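A.B. asks: This is the structure I want to talk about, given as structure tokens.
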Amino acid sequence: DIQMTQSPSSLSASVGDRVTITCRASQDIINKLNWYQQKPGKAPDLLIYTASSLQSGVPPRFSGSGSGTDFTLTISSLQLEDFASYYCQQTYNVPLTFGGGTKVQIK
Amino acid sequence: QVHLVQSGAEVKKPGASVRVSCTASGYTFTGYFIHWVRQAPGQGLEWMGYINPNIGDTNYAQKFQGRVTMTRETSISTAYMELSSLTSDDTAVYYCAKRLNKRTDAFDVWGQGTMVTVSS
């Protein structure tokens, strides 16, 4: 199975901050990497697919980059509604696997 | 609008089985794989498998092989996930999710989740 390692597991930031979350795959997954946002008690929402494609309706302050084994989700200017948990997911092969998550909290 | 609506919360005893339904609307049900993902309380996301609603073929995570069965009824645009031999470790919210398109297994639409509690 492909292991997905996210870092950090949590972070504290202020509104307006630039936030970066990283995800590392245990093997080359080309660009088969997606990012999700999840708020408490809700299902996840797709933010980014195939590493850098912005899902329809997602604000452009969210961006994704990377290929191979190392990937990054960046929020250019954190907004109040962005305080949530974020998960990466590889879809290179089955079993599809998720990172452990990053909780973004208010500083 | 595209929606996935899941069945309600369940409480089961250890050793029992549970079946969760996922009813699709707003798109062609047979055109997109349906995946199942679960999330234990306070934990991360765990992929369980998928079903191709068009022909009914499935692919299960090895962890659940022999315990999970995914089926569908195309006439009512509904997918089902049945998990047997439940233990307390199966207590979780179970989600169905729709595949974005044929080129990627990103999940663009999710059900609201079904809480399954396993307790004696």
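Ligands are numbered from 1 in the order shown, chains are lettered A, B, ... in the order of the structure tokens, and residues start at 1 in each chain.
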Taking only C-alpha atoms into account, produce a table as a tab-separated table in which each residue of chain A with an atom at most 12 Å from an atom of chain B appears once, together with its shortest atom pair and the distance in Å to one decimal, ordered by chain and rising number.
C.D. replies:
```
residue	atom	partner	partner_atom	distance
A:Asp1	CA	B:Gln62	CA	10.0
A:Met4	CA	B:Leu45	CA	11.8
A:Gln6	CA	B:Gly44	CA	11.6
A:Ser9	CA	B:Gly44	CA	11.2
A:Asn31	CA	B:Thr104	CA	10.4
A:Lys32	CA	B:Thr104	CA	7.7
A:Leu33	CA	B:Ala106	CA	8.4
A:Asn34	CA	B:Ala106	CA	6.4
A:Trp35	CA	B:Ala106	CA	8.8
A:Tyr36	CA	B:Phe107	CA	9.0
A:Gln37	CA	B:Leu45	CA	11.7
A:Gln38	CA	B:Gly44	CA	10.3
A:Pro40	CA	B:Gly42	CA	9.7
A:Gly41	CA	B:Gly113	CA	9.1
A:Lys42	CA	B:Gln112	CA	7.0
A:Ala43	CA	B:Gln112	CA	6.0
A:Pro44	CA	B:Trp110	CA	7.3
A:Asp45	CA	B:Asp108	CA	7.1
A:Leu46	CA	B:Asp108	CA	5.6
A:Leu47	CA	B:Asp108	CA	8.8
A:Ile48	CA	B:Ala106	CA	8.7
A:Tyr49	CA	B:Ala106	CA	6.2
A:Thr50	CA	B:Thr104	CA	7.4
A:Ala51	CA	B:Ala106	CA	10.6
A:Ser53	CA	B:Ala106	CA	11.0
A:Leu54	CA	B:Asp108	CA	11.5
A:Gln55	CA	B:Asp108	CA	8.1
A:Ser56	CA	B:Asp108	CA	9.4
A:Gly57	CA	B:Asp108	CA	11.2
A:Val58	CA	B:Asp108	CA	11.5
A:Ser85	CA	B:Gly44	CA	9.7
A:Tyr86	CA	B:Gly44	CA	9.9
A:Tyr87	CA	B:Leu45	CA	8.2
A:Cys88	CA	B:Leu45	CA	9.9
A:Gln89	CA	B:Ala106	CA	8.3
A:Gln90	CA	B:Ala106	CA	8.8
A:Thr91	CA	B:Asp105	CA	6.0
A:Tyr92	CA	B:Asp105	CA	8.9
A:Asn93	CA	B:Asp105	CA	9.8
A:Val94	CA	B:Ala61	CA	7.4
A:Pro95	CA	B:Ala61	CA	5.5
A:Leu96	CA	B:Trp47	CA	6.1
A:Thr97	CA	B:Trp47	CA	6.5
A:Phe98	CA	B:Leu45	CA	6.3
A:Gly99	CA	B:Gly44	CA	7.8
A:Gly100	CA	B:Gly44	CA	5.7
A:Gly101	CA	B:Gly44	CA	6.5
A:Thr102	CA	B:Gly44	CA	9.8
A:Lys103	CA	B:Gly44	CA	11.0
```
A.B. asks: Name the residues in contact with Met81 in chain B at a cut-off of 12 Å, using only C-alpha atoms, excluding same-chain residues fewer than 3 positions from it; report them as a count of residues only.
C.D. replies: 35
A.B. asks: State, in Å with one decimal place, the distance from CA of Val118 in chain B to CA of Ala9 in chain B.
C.D. replies: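 CA of Ala9 in chain B lies 11.2 Å from CA of Val118 in chain B.
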A.B. asks: List every residue of chain A that DSSP, applied to the backbone of this structure, assigns to strand (DSSP E), and report them as an MDAnalysis selection string.
C.D. replies: chainID A and resid 4:7 10:13 19:25 33:38 45:49 53:54 62:67 70:75 85:90 97:98 102:106
A.B. asks: May I have the residues within 10 Å of Asp28 in chain A as a PyMOL selection string, using only C-alpha atoms and disregarding those fewer than 3 positions away in the same chain?
C.D. replies: chain A and resi 2+24-25+31-32+67-70+92
